[in-house]
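Q: The structure is given below, and queries will be raised subsequently.
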Amino acid sequence: SDRVTFMLKRGTSVILLSIYVDDGITATNDPKMYKEFLSALSKNFKLSDQGPISWYLGTNIKQDQANRRIELSQAQYVKDILERFGMTGANQISTPLELNTHLTRDDCPAPGQINKQFRHEYQRIVGSLMYLARRLTNNGAHAGKSFAFPPDAQPFAGVQMMLS
């Protein structure tokens, strides 16, 4: 699913609305305009204003308005991934793959020689990592993107190493 972002601008007032499936977030510099906007949208859509944002699509959001800072963290999402794939005891490493590791399609078995359960697990891990990588700059984005299907032990070990 694609994210869609809209901008409403009136003079110096701005409202940004970003929608992803059935979740949306807004940002504005004009609270009065925001209330009018929300009221107008509510006439055609079922909406709820949940107050200041603290969590959105697997990302924890902390706002410090006094210092004009926003902190984004996906630490809980990463912990959930590790639990889901039984890797909570994995050790941290500084790079997602060993140096000079080169994975190619030759590392994958021929079609028809793939254990379906193994393939499914691999695709679940890669999907989780791709979701994470799309939200934060991550060295693991390329490795996960390149091997979206049939792995053998070497690419699978590389994906598991990214989780550690």
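Identifiers in the structure tokens: chain A, B, ... in order shown; residue index from 1 per chain; ligand index from 1 in order shown.
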Residues of region 20-50 of chain A in strand (DSSP E) according to DSSP, as a PyMOL selection string?

A: chain A and resi 20+23-28

Q: Take the residues from that selection and put them in a file with C-alpha atoms, as a compact mmCIF listing (two decimals), in the first residue's frame.

A:
# COMPACT_ATOMS: atom_id res chain seq x y z
CA TYR A 20 -1.60 4.95 5.10
CA ASP A 23 -4.45 5.39 9.54
CA GLY A 24 -3.71 9.05 9.15
CA ILE A 25 -1.67 11.73 10.81
CA THR A 26 -1.79 15.49 10.54
CA ALA A 27 0.59 18.33 11.26
CA THR A 28 -0.33 22.00 11.32

Q: Which residues come within 10 Å of Tyr34 (chain A), counting only C-alpha atoms, excluding same-chain residues fewer than 5 positions away, as number ranges by chain?

A: A: 13-16, 26-29, 39-40

Q: Which of these residues is nearest to Arg10 (chain A), using only C-alpha atoms: A:Met33, A:Leu72, A:Leu41, A:Ile125?

A: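 The closest residue to Arg10 (chain A) is A:Met33.
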
Q: Counting only C-alpha atoms, figure out which residue out of A:Glu71, A:Asn44, A:Tyr56, A:Lys35 gets nearest to Ser18 (chain A).

A: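 So, comparing all the options, the nearest one is A:Tyr56.
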
Q: From the DSSP assignment of the backbone, select every residue of region 7-50 of chain A that is alpha helix (DSSP H), and format the answer as a PyMOL selection string.

A: chain A and resi 31-42

Q: What is the distance, in Å and to one decimal place, between CA of Pro52 (chain A) and CA of Thr12 (chain A)?

A: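 Going from CA of Pro52 (chain A) over to CA of Thr12 (chain A) covers 21.9 Å.
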
Q: Looking at only C-alpha atoms, which of A:Ile81, A:Leu103, A:Ala75, A:Leu47 is the one that sits closest to Ile61 (chain A)?

A: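 Of A:Ile81, A:Leu103, A:Ala75, A:Leu47, the one nearest Ile61 (chain A), counting only C-alpha atoms, is A:Ala75.
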